[in-house]
file target_33.cif (mmCIF, C-alpha atoms)
data_input
loop_
_atom_site.group_PDB
_atom_site.id
_atom_site.type_symbol
_atom_site.label_atom_id
_atom_site.label_comp_id
_atom_site.auth_asym_id
_atom_site.auth_seq_id
_atom_site.Cartn_x
_atom_site.Cartn_y
_atom_site.Cartn_z
ATOM 1 C CA MET A 222 14.615 240.252 48.218
ATOM 2 C CA ARG A 223 15.058 240.144 52.034
ATOM 3 C CA ILE A 224 17.168 243.116 52.768
ATOM 4 C CA PHE A 225 16.344 243.208 56.513
ATOM 5 C CA VAL A 226 18.718 240.320 57.042
ATOM 6 C CA THR A 227 21.555 242.346 55.648
ATOM 7 C CA SER A 228 20.646 245.477 57.553
ATOM 8 C CA GLY A 229 20.316 243.467 60.782
ATOM 9 C CA ALA A 230 23.795 242.099 60.348
ATOM 10 C CA ILE A 231 25.148 245.574 59.812
ATOM 11 C CA ALA A 232 23.396 246.817 62.923
ATOM 12 C CA LEU A 233 24.920 244.015 65.019
ATOM 13 C CA ILE A 234 28.389 244.732 63.722
ATOM 14 C CA GLY A 235 27.921 248.381 64.515
ATOM 15 C CA LEU A 236 27.014 247.692 68.142
ATOM 16 C CA ALA A 237 29.753 245.168 68.683
ATOM 17 C CA SER A 238 32.423 247.532 67.471
ATOM 18 C CA THR A 239 31.449 250.295 69.929
ATOM 19 C CA PRO A 240 34.357 250.522 72.373
ATOM 20 C CA ALA A 241 33.617 250.186 76.072
ATOM 21 C CA LEU A 242 34.421 253.515 77.648
ATOM 22 C CA ALA A 243 36.246 253.338 80.966
ATOM 23 C CA VAL A 244 35.341 256.218 83.224
ATOM 24 C CA SER A 245 37.650 257.856 85.736
ATOM 25 C CA PRO A 246 36.600 260.226 88.507
ATOM 26 C CA ALA A 247 37.616 263.881 88.450
ATOM 27 C CA THR A 248 39.585 263.207 91.634
ATOM 28 C CA GLN A 249 40.931 259.830 92.668
ATOM 29 C CA ALA A 250 41.073 258.716 96.286
ATOM 30 C CA THR A 251 44.427 258.566 98.005
ATOM 31 C CA ALA A 252 45.789 255.841 100.240
ATOM 32 C CA THR A 253 47.903 256.661 103.285
ATOM 33 C CA ALA A 254 49.845 254.602 105.801
ATOM 34 C CA LYS A 255 52.049 255.973 108.550
ATOM 35 C CA ILE A 256 54.872 253.646 109.509
ATOM 36 C CA PHE A 257 56.690 254.244 112.781
ATOM 37 C CA LYS A 258 59.702 252.633 114.355
ATOM 38 C CA PRO A 259 59.370 251.415 117.948
ATOM 39 C CA LEU A 260 59.420 254.212 120.494
ATOM 40 C CA THR A 261 61.676 253.852 123.491
ATOM 41 C CA ILE A 262 61.840 256.110 126.500
ATOM 42 C CA SER A 263 64.623 256.048 129.050
ATOM 43 C CA SER A 264 65.424 258.016 132.153
ATOM 44 C CA VAL A 265 68.443 260.312 131.875
ATOM 45 C CA GLN A 266 68.402 262.149 135.200
ATOM 46 C CA ASN A 267 66.210 262.530 138.268
ATOM 47 C CA LEU A 268 64.446 265.652 139.406
ATOM 48 C CA ASP A 269 65.801 267.306 142.512
ATOM 49 C CA PHE A 270 64.383 270.311 144.337
ATOM 50 C CA GLY A 271 67.578 270.620 146.356
ATOM 51 C CA VAL A 272 67.309 271.617 149.981
ATOM 52 C CA ILE A 273 64.356 273.674 151.158
ATOM 53 C CA VAL A 274 64.476 275.285 154.581
ATOM 54 C CA LEU A 275 61.150 276.261 156.126
ATOM 55 C CA SER A 276 62.358 279.682 157.339
ATOM 56 C CA GLY A 277 59.060 281.402 158.122
ATOM 57 C CA SER A 278 57.291 280.809 161.399
ATOM 58 C CA SER A 279 53.752 280.286 160.181
ATOM 59 C CA PHE A 280 52.694 279.970 156.543
ATOM 60 C CA THR A 281 50.715 277.858 154.132
ATOM 61 C CA ASN A 282 50.499 277.444 150.396
ATOM 62 C CA GLU A 283 54.097 278.204 149.530
ATOM 63 C CA THR A 284 54.976 276.702 146.179
ATOM 64 C CA VAL A 285 58.385 275.476 145.208
ATOM 65 C CA ALA A 286 58.569 274.871 141.507
ATOM 66 C CA ILE A 287 61.208 273.986 138.973
ATOM 67 C CA ASP A 288 60.261 274.672 135.359
ATOM 68 C CA GLN A 289 61.288 272.674 132.301
ATOM 69 C CA THR A 290 64.355 274.860 131.803
ATOM 70 C CA GLY A 291 65.528 274.201 135.360
ATOM 71 C CA ALA A 292 64.652 277.621 136.815
ATOM 72 C CA LEU A 293 63.619 277.303 140.455
ATOM 73 C CA THR A 294 60.885 279.335 142.123
ATOM 74 C CA CYS A 295 61.267 279.271 145.891
ATOM 75 C CA GLY A 296 57.956 280.384 147.362
ATOM 76 C CA SER A 297 56.528 283.878 147.516
ATOM 77 C CA ASN A 298 59.381 285.428 149.447
ATOM 78 C CA PRO A 299 62.624 283.512 148.902
ATOM 79 C CA GLY A 300 65.026 283.611 151.788
ATOM 80 C CA VAL A 301 62.339 284.696 154.244
ATOM 81 C CA VAL A 302 59.512 282.192 154.112
ATOM 82 C CA LEU A 303 61.409 279.460 152.273
ATOM 83 C CA THR A 304 65.118 279.226 151.654
ATOM 84 C CA CYS A 305 66.240 277.030 148.771
ATOM 85 C CA SER A 306 69.780 275.759 148.297
ATOM 86 C CA GLY A 307 71.615 272.824 146.887
ATOM 87 C CA ALA A 308 71.688 271.860 143.224
ATOM 88 C CA PRO A 309 68.155 271.634 141.887
ATOM 89 C CA GLN A 310 67.665 269.934 138.568
ATOM 90 C CA VAL A 311 64.821 268.820 136.316
ATOM 91 C CA ALA A 312 64.053 265.247 135.380
ATOM 92 C CA LYS A 313 65.211 264.268 131.912
ATOM 93 C CA TYR A 314 64.019 261.539 129.605
ATOM 94 C CA LYS A 315 65.323 260.400 126.247
ATOM 95 C CA LEU A 316 63.074 259.309 123.399
ATOM 96 C CA VAL A 317 64.237 257.272 120.405
ATOM 97 C CA GLY A 318 61.866 256.374 117.589
ATOM 98 C CA THR A 319 60.915 257.664 114.179
ATOM 99 C CA ASN A 320 62.544 260.723 112.632
ATOM 100 C CA ASN A 321 60.424 263.855 112.815
ATOM 101 C CA ALA A 322 57.547 262.065 114.511
ATOM 102 C CA THR A 323 55.583 263.879 117.170
ATOM 103 C CA VAL A 324 55.101 262.077 120.444
ATOM 104 C CA THR A 325 52.528 262.756 123.126
ATOM 105 C CA ILE A 326 53.906 262.850 126.661
ATOM 106 C CA SER A 327 51.845 261.772 129.628
ATOM 107 C CA SER A 328 53.131 262.552 133.091
ATOM 108 C CA PRO A 329 50.437 262.225 135.748
ATOM 109 C CA GLY A 330 50.832 263.733 139.174
ATOM 110 C CA PHE A 331 51.965 261.604 142.101
ATOM 111 C CA ASN A 332 52.869 261.878 145.764
ATOM 112 C CA LEU A 333 56.289 262.303 147.299
ATOM 113 C CA THR A 334 56.535 260.306 150.473
ATOM 114 C CA GLY A 335 58.801 260.694 153.453
ATOM 115 C CA PRO A 336 57.955 261.999 156.921
ATOM 116 C CA GLY A 337 54.674 263.039 155.356
ATOM 117 C CA THR A 338 53.080 263.145 151.943
ATOM 118 C CA LEU A 339 53.582 265.910 149.383
ATOM 119 C CA ALA A 340 51.554 266.083 146.189
ATOM 120 C CA PHE A 341 53.884 266.554 143.237
ATOM 121 C CA THR A 342 52.508 268.253 140.137
ATOM 122 C CA PRO A 343 54.678 267.579 137.071
ATOM 123 C CA ASN A 344 55.372 270.266 134.483
ATOM 124 C CA ALA A 345 55.944 268.271 131.314
ATOM 125 C CA PRO A 346 55.669 269.109 127.613
ATOM 126 C CA THR A 347 52.445 267.779 126.107
ATOM 127 C CA THR A 348 54.207 266.834 122.890
ATOM 128 C CA VAL A 349 57.796 266.353 121.764
ATOM 129 C CA ASN A 350 59.058 266.162 118.192
ATOM 130 C CA LEU A 351 61.801 263.576 117.759
ATOM 131 C CA GLY A 352 63.590 265.654 115.131
ATOM 132 C CA ALA A 353 65.840 264.604 112.287
ATOM 133 C CA ALA A 354 67.907 262.274 114.468
ATOM 134 C CA GLY A 355 64.894 260.701 116.154
ATOM 135 C CA SER A 356 65.830 257.154 115.189
ATOM 136 C CA THR A 357 69.503 257.389 116.174
ATOM 137 C CA THR A 358 70.441 259.775 118.962
ATOM 138 C CA GLY A 359 66.827 260.576 119.701
ATOM 139 C CA VAL A 360 65.783 263.620 121.671
ATOM 140 C CA THR A 361 65.938 264.459 125.356
ATOM 141 C CA PHE A 362 63.198 266.402 127.072
ATOM 142 C CA SER A 363 62.835 267.789 130.570
ATOM 143 C CA ILE A 364 60.110 267.604 133.183
ATOM 144 C CA GLY A 365 59.848 270.046 136.031
ATOM 145 C CA GLY A 366 57.230 270.192 138.719
ATOM 146 C CA SER A 367 56.039 271.764 141.904
ATOM 147 C CA ILE A 368 55.163 271.018 145.490
ATOM 148 C CA VAL A 369 53.202 273.099 147.982
ATOM 149 C CA LEU A 370 54.621 273.547 151.479
ATOM 150 C CA ALA A 371 53.383 274.885 154.800
ATOM 151 C CA SER A 372 55.153 275.614 158.054
ATOM 152 C CA THR A 373 53.549 272.442 159.351
ATOM 153 C CA THR A 374 55.100 270.253 156.628
ATOM 154 C CA PRO A 375 57.120 267.551 158.433
ATOM 155 C CA ASP A 376 60.809 267.941 157.655
ATOM 156 C CA GLY A 377 62.855 265.186 156.117
ATOM 157 C CA VAL A 378 63.628 263.649 152.744
ATOM 158 C CA TYR A 379 60.742 263.130 150.334
ATOM 159 C CA SER A 380 60.862 261.071 147.196
ATOM 160 C CA GLY A 381 58.589 259.585 144.588
ATOM 161 C CA THR A 382 58.716 258.070 141.145
ATOM 162 C CA PHE A 383 57.485 259.490 137.848
ATOM 163 C CA ALA A 384 55.111 257.468 135.708
ATOM 164 C CA VAL A 385 55.954 259.028 132.350
ATOM 165 C CA THR A 386 54.686 257.469 129.158
ATOM 166 C CA ALA A 387 55.115 258.525 125.559
ATOM 167 C CA ASP A 388 53.125 257.553 122.495
ATOM 168 C CA TYR A 389 53.025 258.479 118.839
ATOM 169 C CA GLN A 390 50.271 260.859 117.958
ATOM 170 C CA MET B 98 33.020 251.878 37.998
ATOM 171 C CA PRO B 99 30.747 251.760 41.125
ATOM 172 C CA ALA B 100 27.737 251.694 38.811
ATOM 173 C CA ALA B 101 29.157 248.721 36.972
ATOM 174 C CA LEU B 102 29.845 246.921 40.266
ATOM 175 C CA LEU B 103 26.307 247.572 41.510
ATOM 176 C CA ALA B 104 24.898 246.206 38.257
ATOM 177 C CA ALA B 105 27.000 243.068 38.628
ATOM 178 C CA LEU B 106 25.802 242.574 42.226
ATOM 179 C CA CYS B 107 22.174 243.011 41.250
ATOM 180 C CA SER B 108 22.426 240.515 38.468
ATOM 181 C CA SER B 109 23.964 237.951 40.814
ATOM 182 C CA ALA B 110 21.203 238.264 43.453
ATOM 183 C CA PRO B 111 19.549 234.904 44.209
ATOM 184 C CA ALA B 112 16.226 234.347 42.569
ATOM 185 C CA PHE B 113 14.645 232.235 45.347
ATOM 186 C CA ALA B 114 13.019 233.711 48.467
ATOM 187 C CA ALA B 115 14.037 232.661 51.977
ATOM 188 C CA THR B 116 13.165 234.059 55.438
ATOM 189 C CA GLN B 117 15.618 234.178 58.283
ATOM 190 C CA SER B 118 15.013 236.198 61.445
ATOM 191 C CA VAL B 119 17.911 237.810 63.212
ATOM 192 C CA GLN B 120 17.529 239.368 66.622
ATOM 193 C CA VAL B 121 18.823 242.844 67.075
ATOM 194 C CA ASN B 122 19.882 243.897 70.582
ATOM 195 C CA ALA B 123 20.747 247.400 71.581
ATOM 196 C CA SER B 124 21.420 248.527 75.143
ATOM 197 C CA ILE B 125 20.973 252.222 75.577
ATOM 198 C CA VAL B 126 22.771 253.316 78.728
ATOM 199 C CA LYS B 127 23.619 256.556 80.441
ATOM 200 C CA PRO B 128 27.245 257.586 80.674
ATOM 201 C CA LEU B 129 28.882 256.426 83.881
ATOM 202 C CA VAL B 130 29.896 259.009 86.438
ATOM 203 C CA LEU B 131 32.501 257.956 89.015
ATOM 204 C CA THR B 132 33.091 260.158 92.056
ATOM 205 C CA ARG B 133 35.582 259.846 94.913
ATOM 206 C CA LEU B 134 33.914 259.984 98.324
ATOM 207 C CA GLN B 135 36.732 259.275 100.793
ATOM 208 C CA ASP B 136 40.375 258.294 100.981
ATOM 209 C CA LEU B 137 41.844 255.094 102.326
ATOM 210 C CA ASP B 138 43.797 255.349 105.573
ATOM 211 C CA LEU B 139 45.674 252.503 107.218
ATOM 212 C CA GLY B 140 46.304 254.646 110.287
ATOM 213 C CA THR B 141 49.589 254.422 112.135
ATOM 214 C CA VAL B 142 51.590 251.219 112.172
ATOM 215 C CA THR B 143 54.438 250.889 114.650
ATOM 216 C CA LEU B 144 57.043 248.311 113.749
ATOM 217 C CA GLY B 145 58.192 246.046 116.538
ATOM 218 C CA PRO B 146 61.805 245.257 117.393
ATOM 219 C CA GLY B 147 63.865 242.424 115.984
ATOM 220 C CA VAL B 148 64.186 241.109 112.460
ATOM 221 C CA TRP B 149 61.047 239.922 110.720
ATOM 222 C CA SER B 150 59.193 240.212 107.441
ATOM 223 C CA ASN B 151 55.841 239.764 105.753
ATOM 224 C CA ALA B 152 53.640 241.309 108.384
ATOM 225 C CA THR B 153 50.442 242.194 106.603
ATOM 226 C CA VAL B 154 48.291 245.137 107.565
ATOM 227 C CA ALA B 155 45.011 245.244 105.693
ATOM 228 C CA ILE B 156 41.725 247.054 105.645
ATOM 229 C CA SER B 157 38.751 245.276 104.130
ATOM 230 C CA GLN B 158 36.102 246.753 101.860
ATOM 231 C CA ALA B 159 33.909 246.905 104.941
ATOM 232 C CA GLY B 160 36.551 249.014 106.697
ATOM 233 C CA VAL B 161 37.698 246.312 109.122
ATOM 234 C CA LEU B 162 41.395 246.568 109.940
ATOM 235 C CA SER B 163 43.519 243.430 110.133
ATOM 236 C CA CYS B 164 46.639 243.946 112.182
ATOM 237 C CA ALA B 165 47.117 240.547 113.788
ATOM 238 C CA ASN B 166 50.854 240.119 113.287
ATOM 239 C CA ALA B 167 52.674 240.342 116.617
ATOM 240 C CA ASN B 168 55.418 242.485 115.111
ATOM 241 C CA VAL B 169 53.183 245.434 114.315
ATOM 242 C CA VAL B 170 50.958 247.629 116.422
ATOM 243 C CA CYS B 171 48.209 249.571 114.697
ATOM 244 C CA THR B 172 46.747 252.767 116.101
ATOM 245 C CA GLY B 173 44.778 255.727 114.866
ATOM 246 C CA ALA B 174 41.673 256.080 112.757
ATOM 247 C CA THR B 175 41.425 253.918 109.663
ATOM 248 C CA GLN B 176 39.035 253.809 106.740
ATOM 249 C CA ALA B 177 38.578 252.191 103.348
ATOM 250 C CA ALA B 178 38.415 254.313 100.215
ATOM 251 C CA GLN B 179 34.955 254.964 98.853
ATOM 252 C CA TYR B 180 33.604 255.881 95.431
ATOM 253 C CA ASN B 181 30.155 256.517 93.973
ATOM 254 C CA ILE B 182 28.999 255.335 90.560
ATOM 255 C CA GLN B 183 26.007 256.722 88.718
ATOM 256 C CA GLY B 184 24.709 255.340 85.469
ATOM 257 C CA THR B 185 21.805 253.264 84.244
ATOM 258 C CA ASN B 186 19.622 251.298 86.651
ATOM 259 C CA LYS B 187 20.187 247.526 86.878
ATOM 260 C CA GLN B 188 23.326 247.642 84.778
ATOM 261 C CA THR B 189 26.427 245.792 85.882
ATOM 262 C CA VAL B 190 29.471 247.999 86.046
ATOM 263 C CA ASN B 191 32.965 246.583 86.012
ATOM 264 C CA VAL B 192 35.383 248.081 88.508
ATOM 265 C CA THR B 193 39.089 248.241 87.836
ATOM 266 C CA ALA B 194 41.331 249.167 90.758
ATOM 267 C CA PRO B 195 45.030 248.505 90.098
ATOM 268 C CA ASN B 196 47.410 248.202 93.015
ATOM 269 C CA VAL B 197 48.646 251.508 94.367
ATOM 270 C CA ILE B 198 52.270 252.484 94.895
ATOM 271 C CA LEU B 199 52.596 254.315 98.200
ATOM 272 C CA VAL B 200 55.576 256.649 98.329
ATOM 273 C CA ASN B 201 57.465 257.559 101.503
ATOM 274 C CA GLN B 202 57.060 261.303 101.895
ATOM 275 C CA ASN B 203 60.525 261.613 103.438
ATOM 276 C CA ASP B 204 62.284 259.578 100.747
ATOM 277 C CA SER B 205 60.615 259.097 97.378
ATOM 278 C CA THR B 206 62.815 256.107 96.565
ATOM 279 C CA LYS B 207 61.084 254.117 99.318
ATOM 280 C CA THR B 208 57.712 252.688 98.392
ATOM 281 C CA LEU B 209 55.093 250.222 99.563
ATOM 282 C CA THR B 210 52.602 248.457 97.327
ATOM 283 C CA LEU B 211 49.001 248.599 98.415
ATOM 284 C CA VAL B 212 47.337 245.466 97.053
ATOM 285 C CA THR B 213 43.813 246.650 96.447
ATOM 286 C CA ASP B 214 40.688 244.832 97.566
ATOM 287 C CA ALA B 215 37.857 246.078 95.377
ATOM 288 C CA PRO B 216 34.598 244.601 94.055
ATOM 289 C CA SER B 217 35.062 243.306 90.513
ATOM 290 C CA SER B 218 31.658 244.629 89.558
ATOM 291 C CA VAL B 219 28.784 246.620 90.969
ATOM 292 C CA ILE B 220 25.123 246.461 89.987
ATOM 293 C CA LEU B 221 23.480 249.846 89.789
ATOM 294 C CA THR B 222 20.219 250.214 91.677
ATOM 295 C CA SER B 223 19.150 253.560 90.371
ATOM 296 C CA SER B 224 19.320 255.567 87.218
ATOM 297 C CA GLY B 225 21.491 258.578 87.840
ATOM 298 C CA ILE B 226 21.297 259.973 91.373
ATOM 299 C CA PRO B 227 22.008 258.588 93.968
ATOM 300 C CA GLY B 228 23.906 255.775 92.291
ATOM 301 C CA VAL B 229 25.781 253.133 94.230
ATOM 302 C CA ASN B 230 28.657 253.557 96.650
ATOM 303 C CA PHE B 231 31.419 250.999 96.785
ATOM 304 C CA SER B 232 34.503 250.721 98.959
ATOM 305 C CA ILE B 233 38.056 249.705 98.254
ATOM 306 C CA GLY B 234 40.319 248.231 100.880
ATOM 307 C CA GLY B 235 43.858 247.049 100.564
ATOM 308 C CA SER B 236 46.865 245.572 102.255
ATOM 309 C CA VAL B 237 50.553 246.267 102.616
ATOM 310 C CA ALA B 238 53.307 243.864 103.607
ATOM 311 C CA LEU B 239 55.781 245.252 106.118
ATOM 312 C CA SER B 240 59.112 244.094 107.473
ATOM 313 C CA SER B 241 61.481 245.228 110.191
ATOM 314 C CA THR B 242 63.500 247.014 107.506
ATOM 315 C CA THR B 243 60.566 249.054 106.183
ATOM 316 C CA PRO B 244 61.679 252.679 106.480
ATOM 317 C CA ALA B 245 59.553 254.784 108.776
ATOM 318 C CA GLY B 246 57.536 257.631 107.387
ATOM 319 C CA THR B 247 54.218 258.610 105.924
ATOM 320 C CA TYR B 248 53.423 256.725 102.737
ATOM 321 C CA VAL B 249 50.926 258.208 100.286
ATOM 322 C CA GLY B 250 49.651 257.029 96.908
ATOM 323 C CA THR B 251 46.760 257.724 94.570
ATOM 324 C CA PHE B 252 44.284 255.170 93.292
ATOM 325 C CA ASN B 253 43.638 254.813 89.578
ATOM 326 C CA VAL B 254 40.098 253.450 89.687
ATOM 327 C CA THR B 255 38.046 253.195 86.502
ATOM 328 C CA VAL B 256 34.607 251.756 85.754
ATOM 329 C CA ASP B 257 32.892 250.623 82.580
ATOM 330 C CA TYR B 258 29.747 248.768 81.534
#
call {"tool": "encode", "arguments": {"input": "target_33.cif", "output": "structure tokens"}}
result
Amino acid sequence: MRIFVTSGAIALIGLASTPALAVSPATQATATAKIFKPLTISSVQNLDFGVIVLSGSSFTNETVAIDQTGALTCGSNPGVVLTCSGAPQVAKYKLVGTNNATVTISSPGFNLTGPGTLAFTPNAPTTVNLGAAGSTTGVTFSIGGSIVLASTTPDGVYSGTFAVTADYQ
Amino acid sequence: MPAALLAALCSSAPAFAATQSVQVNASIVKPLVLTRLQDLDLGTVTLGPGVWSNATVAISQAGVLSCANANVVCTGATQAAQYNIQGTNKQTVNVTAPNVILVNQNDSTKTLTLVTDAPSSVILTSSGIPGVNFSIGGSVALSSTTPAGTYVGTFNVTVDY
């Protein structure tokens, strides 16, 4: 009587019929991809400080600034040191891209040139959200800026060109 | 009735003796523990202008991004997914990582399929802690008509001996 043969066979069957247990983690990893449409930026209107008259006899460090809403600041004592007139306006750019995407705006400072050189400091938003119509009508944003004048600033027409770039965050 | 059957079996047992050896194998293993370590991120993909299709953006198991197609521009931080397995030392563990459906978070009817790139098996090098880490990459195929948005999906990774 060789019963170990029989018991061995039973043991093998028992092992073979044990189901392989697949194990899942308590939390699975996620996978994420952000897909953006091409971003385009176009110029809508130029910035204009209007006409600035150097009224005071001797001064330095008078700032003329136009903020992003178009409000002009004409030095420390408007009408006395500096007199501003004309139709000042901010620069405007239009962005078209992906709906509701946030875009980083870069607008480095540059010089206005003319009879002399004036450093122009832009006042731009750091980020702009394209909103619900970002891929169709897009969104328009404004850039203001400032210049610093002195009584010795050569008079004449000054101009320069923005170097604005926009990128998805 | 069982008694009668047993008696019949006993009476029919062979009279001659024979020896036959049968090997018995039993692998005693620890339960597997699978833990998520990090998520997969393909970063930001900007679709170029024009009409085109089948631009593949992929991240390998090693975390290397492939974004060679001229119609797409890839930016931002990217990473492969990573899991940890603990179990019995020197055991081979099978990894199952089905493709992942990524759903546009702005419009749930728009999806992308992440074709996973995972090891088919991993050999454990320790018993229990620390286990072995493995990474899962994947790829998506994009076209000029792919709707913009953030696409998110969840892996369904399982392991077994």
call {"tool": "closest_residue", "arguments": {"input": "target_33.cif", "among": "A:Leu339, A:Gly365, A:Asp288, A:Ala353", "to": "chain B", "atoms": "all atoms listed in the file"}}
result
A:Ala353
call {"tool": "closest_residue", "arguments": {"input": "target_33.cif", "among": "B:Ala177, B:Val169, B:Ala245, B:Val237", "to": "Ala155 in chain B", "atoms": "all atoms listed in the file"}}
result
B:Val237
call {"tool": "residues_near_point", "arguments": {"input": "target_33.cif", "point": "(54.5, 259.9, 127.8)", "cutoff": "8 Å", "atoms": "all atoms listed in the file", "output": "ChimeraX atom specification"}}
result
/A:324-328,385-388
call {"tool": "closest_residue", "arguments": {"input": "target_33.cif", "among": "A:Pro329, A:Pro259, A:Gly291, A:Gly355", "to": "chain B", "atoms": "all atoms listed in the file"}}
result
A:Pro259
call {"tool": "resolve_selection", "arguments": {"input": "target_33.cif", "expression": "the PyMOL selection byres ((chain B) within 8 of (chain A))", "output": "count of residues only"}}
result
47
call {"tool": "closest_residue", "arguments": {"input": "target_33.cif", "among": "A:Gly307, A:Pro343, A:Gly330, A:Pro336", "to": "Val272 in chain A", "atoms": "all atoms listed in the file"}}
result
A:Gly307
call {"tool": "residues_around", "arguments": {"input": "target_33.cif", "residues": "Ala371 in chain A", "least_positions_apart": "5", "cutoff": "7 Å", "atoms": "only C-alpha atoms", "output": "NGL selection string"}}
result
:A and (280-283)
call {"tool": "atom_distance", "arguments": {"input": "target_33.cif", "atom1": "CA of Thr210 in chain B", "atom2": "CA of Thr242 in chain B"}}
result
15.0 Å
call {"tool": "closest_residue", "arguments": {"input": "target_33.cif", "among": "B:Asn230, B:Ser223, B:Ser241, B:Ser236", "to": "Asn186 in chain B", "atoms": "only C-alpha atoms"}}
result
B:Ser223
call {"tool": "resolve_selection", "arguments": {"input": "target_33.cif", "expression": "the PyMOL selection byres ((chain A and resi 308-315) around 12)", "output": "PyMOL selection string"}}
result
chain A and resi 260-273+285-295+305-307+316-318+324+326+328+343-346+349-351+355-367+382-387
call {"tool": "axis_aligned_box", "arguments": {"input": "target_33.cif", "around": "range 269-281 of chain A", "padding_each_side": "5 Å", "output": "lines of an AutoDock Vina configuration file"}}
result
center_x = 59.1
center_y = 274.4
center_z = 152.0
size_x = 26.9
size_y = 24.1
size_z = 28.9
call {"tool": "closest_residue", "arguments": {"input": "target_33.cif", "among": "B:Ser150, B:Ser157, B:Thr243, B:Gln202", "to": "Ala215 in chain B", "atoms": "all atoms listed in the file"}}
result
B:Ser157
call {"tool": "residues_around", "arguments": {"input": "target_33.cif", "residues": "Leu303 in chain A", "least_positions_apart": "2", "cutoff": "6 Å", "atoms": "only C-alpha atoms", "output": "CSV table (one decimal) with C-alpha atoms, keeping the file's coordinate frame"}}
result
chain,number,residue,atom,x,y,z
A,274,VAL,CA,64.5,275.3,154.6
A,275,LEU,CA,61.2,276.3,156.1
A,276,SER,CA,62.4,279.7,157.3
A,299,PRO,CA,62.6,283.5,148.9
A,300,GLY,CA,65.0,283.6,151.8
A,301,VAL,CA,62.3,284.7,154.2
call {"tool": "resolve_selection", "arguments": {"input": "target_33.cif", "expression": "the PyMOL selection byres ((chain A and resi 340) around 10)", "output": "ChimeraX atom specification"}}
result
/A:330-334,338-339,341-343,367-370,381
call {"tool": "atom_distance", "arguments": {"input": "target_33.cif", "atom1": "CA of Gly377 in chain A", "atom2": "CA of Gly337 in chain A"}}
result
8.5 Å
call {"tool": "atom_distance", "arguments": {"input": "target_33.cif", "atom1": "CA of Leu162 in chain B", "atom2": "CA of Phe231 in chain B"}}
result
17.1 Å
call {"tool": "decode", "arguments": {"input": "target_33.cif", "residues": "range 310-324 of chain A", "atoms": "N, CA and C atoms", "output": "PDB file, in the first residue's frame"}}
result
ATOM      1  N   GLN A 310      -3.387 107.419 -24.164  1.00  0.00           N
ATOM      2  CA  GLN A 310      -4.046 106.100 -24.185  1.00  0.00           C
ATOM      3  C   GLN A 310      -3.010 105.021 -23.906  1.00  0.00           C
ATOM      4  N   VAL A 311      -3.516 103.908 -23.354  1.00  0.00           N
ATOM      5  CA  VAL A 311      -2.641 102.758 -23.065  1.00  0.00           C
ATOM      6  C   VAL A 311      -2.420 101.945 -24.329  1.00  0.00           C
ATOM      7  N   ALA A 312      -1.410 101.100 -24.290  1.00  0.00           N
ATOM      8  CA  ALA A 312      -1.230 100.110 -25.352  1.00  0.00           C
ATOM      9  C   ALA A 312      -2.199  98.965 -25.099  1.00  0.00           C
ATOM     10  N   LYS A 313      -2.691  98.375 -26.167  1.00  0.00           N
ATOM     11  CA  LYS A 313      -3.582  97.220 -26.017  1.00  0.00           C
ATOM     12  C   LYS A 313      -3.126  96.089 -26.916  1.00  0.00           C
ATOM     13  N   TYR A 314      -3.205  94.890 -26.346  1.00  0.00           N
ATOM     14  CA  TYR A 314      -2.878  93.679 -27.090  1.00  0.00           C
ATOM     15  C   TYR A 314      -4.035  92.699 -26.969  1.00  0.00           C
ATOM     16  N   LYS A 315      -4.177  91.879 -27.986  1.00  0.00           N
ATOM     17  CA  LYS A 315      -5.227  90.858 -27.989  1.00  0.00           C
ATOM     18  C   LYS A 315      -4.574  89.483 -27.998  1.00  0.00           C
ATOM     19  N   LEU A 316      -5.091  88.629 -27.126  1.00  0.00           N
ATOM     20  CA  LEU A 316      -4.600  87.242 -27.042  1.00  0.00           C
ATOM     21  C   LEU A 316      -5.707  86.297 -27.466  1.00  0.00           C
ATOM     22  N   VAL A 317      -5.378  85.328 -28.308  1.00  0.00           N
ATOM     23  CA  VAL A 317      -6.317  84.268 -28.673  1.00  0.00           C
ATOM     24  C   VAL A 317      -5.604  82.941 -28.455  1.00  0.00           C
ATOM     25  N   GLY A 318      -6.281  82.020 -27.791  1.00  0.00           N
ATOM     26  CA  GLY A 318      -5.651  80.724 -27.511  1.00  0.00           C
ATOM     27  C   GLY A 318      -6.658  79.739 -26.968  1.00  0.00           C
ATOM     28  N   THR A 319      -6.356  79.207 -25.807  1.00  0.00           N
ATOM     29  CA  THR A 319      -7.191  78.172 -25.204  1.00  0.00           C
ATOM     30  C   THR A 319      -8.141  78.780 -24.184  1.00  0.00           C
ATOM     31  N   ASN A 320      -9.399  78.360 -24.234  1.00  0.00           N
ATOM     32  CA  ASN A 320     -10.379  78.847 -23.260  1.00  0.00           C
ATOM     33  C   ASN A 320      -9.884  78.662 -21.838  1.00  0.00           C
ATOM     34  N   ASN A 321     -10.064  79.707 -21.059  1.00  0.00           N
ATOM     35  CA  ASN A 321      -9.810  79.672 -19.608  1.00  0.00           C
ATOM     36  C   ASN A 321      -8.351  79.414 -19.231  1.00  0.00           C
ATOM     37  N   ALA A 322      -7.467  79.462 -20.207  1.00  0.00           N
ATOM     38  CA  ALA A 322      -6.054  79.258 -19.881  1.00  0.00           C
ATOM     39  C   ALA A 322      -5.458  80.557 -19.353  1.00  0.00           C
ATOM     40  N   THR A 323      -4.511  80.414 -18.461  1.00  0.00           N
ATOM     41  CA  THR A 323      -3.816  81.579 -17.924  1.00  0.00           C
ATOM     42  C   THR A 323      -2.489  81.752 -18.656  1.00  0.00           C
ATOM     43  N   VAL A 324      -2.226  82.976 -19.031  1.00  0.00           N
ATOM     44  CA  VAL A 324      -1.061  83.290 -19.843  1.00  0.00           C
ATOM     45  C   VAL A 324      -0.168  84.250 -19.062  1.00  0.00           C
TER      46      VAL A 324
END
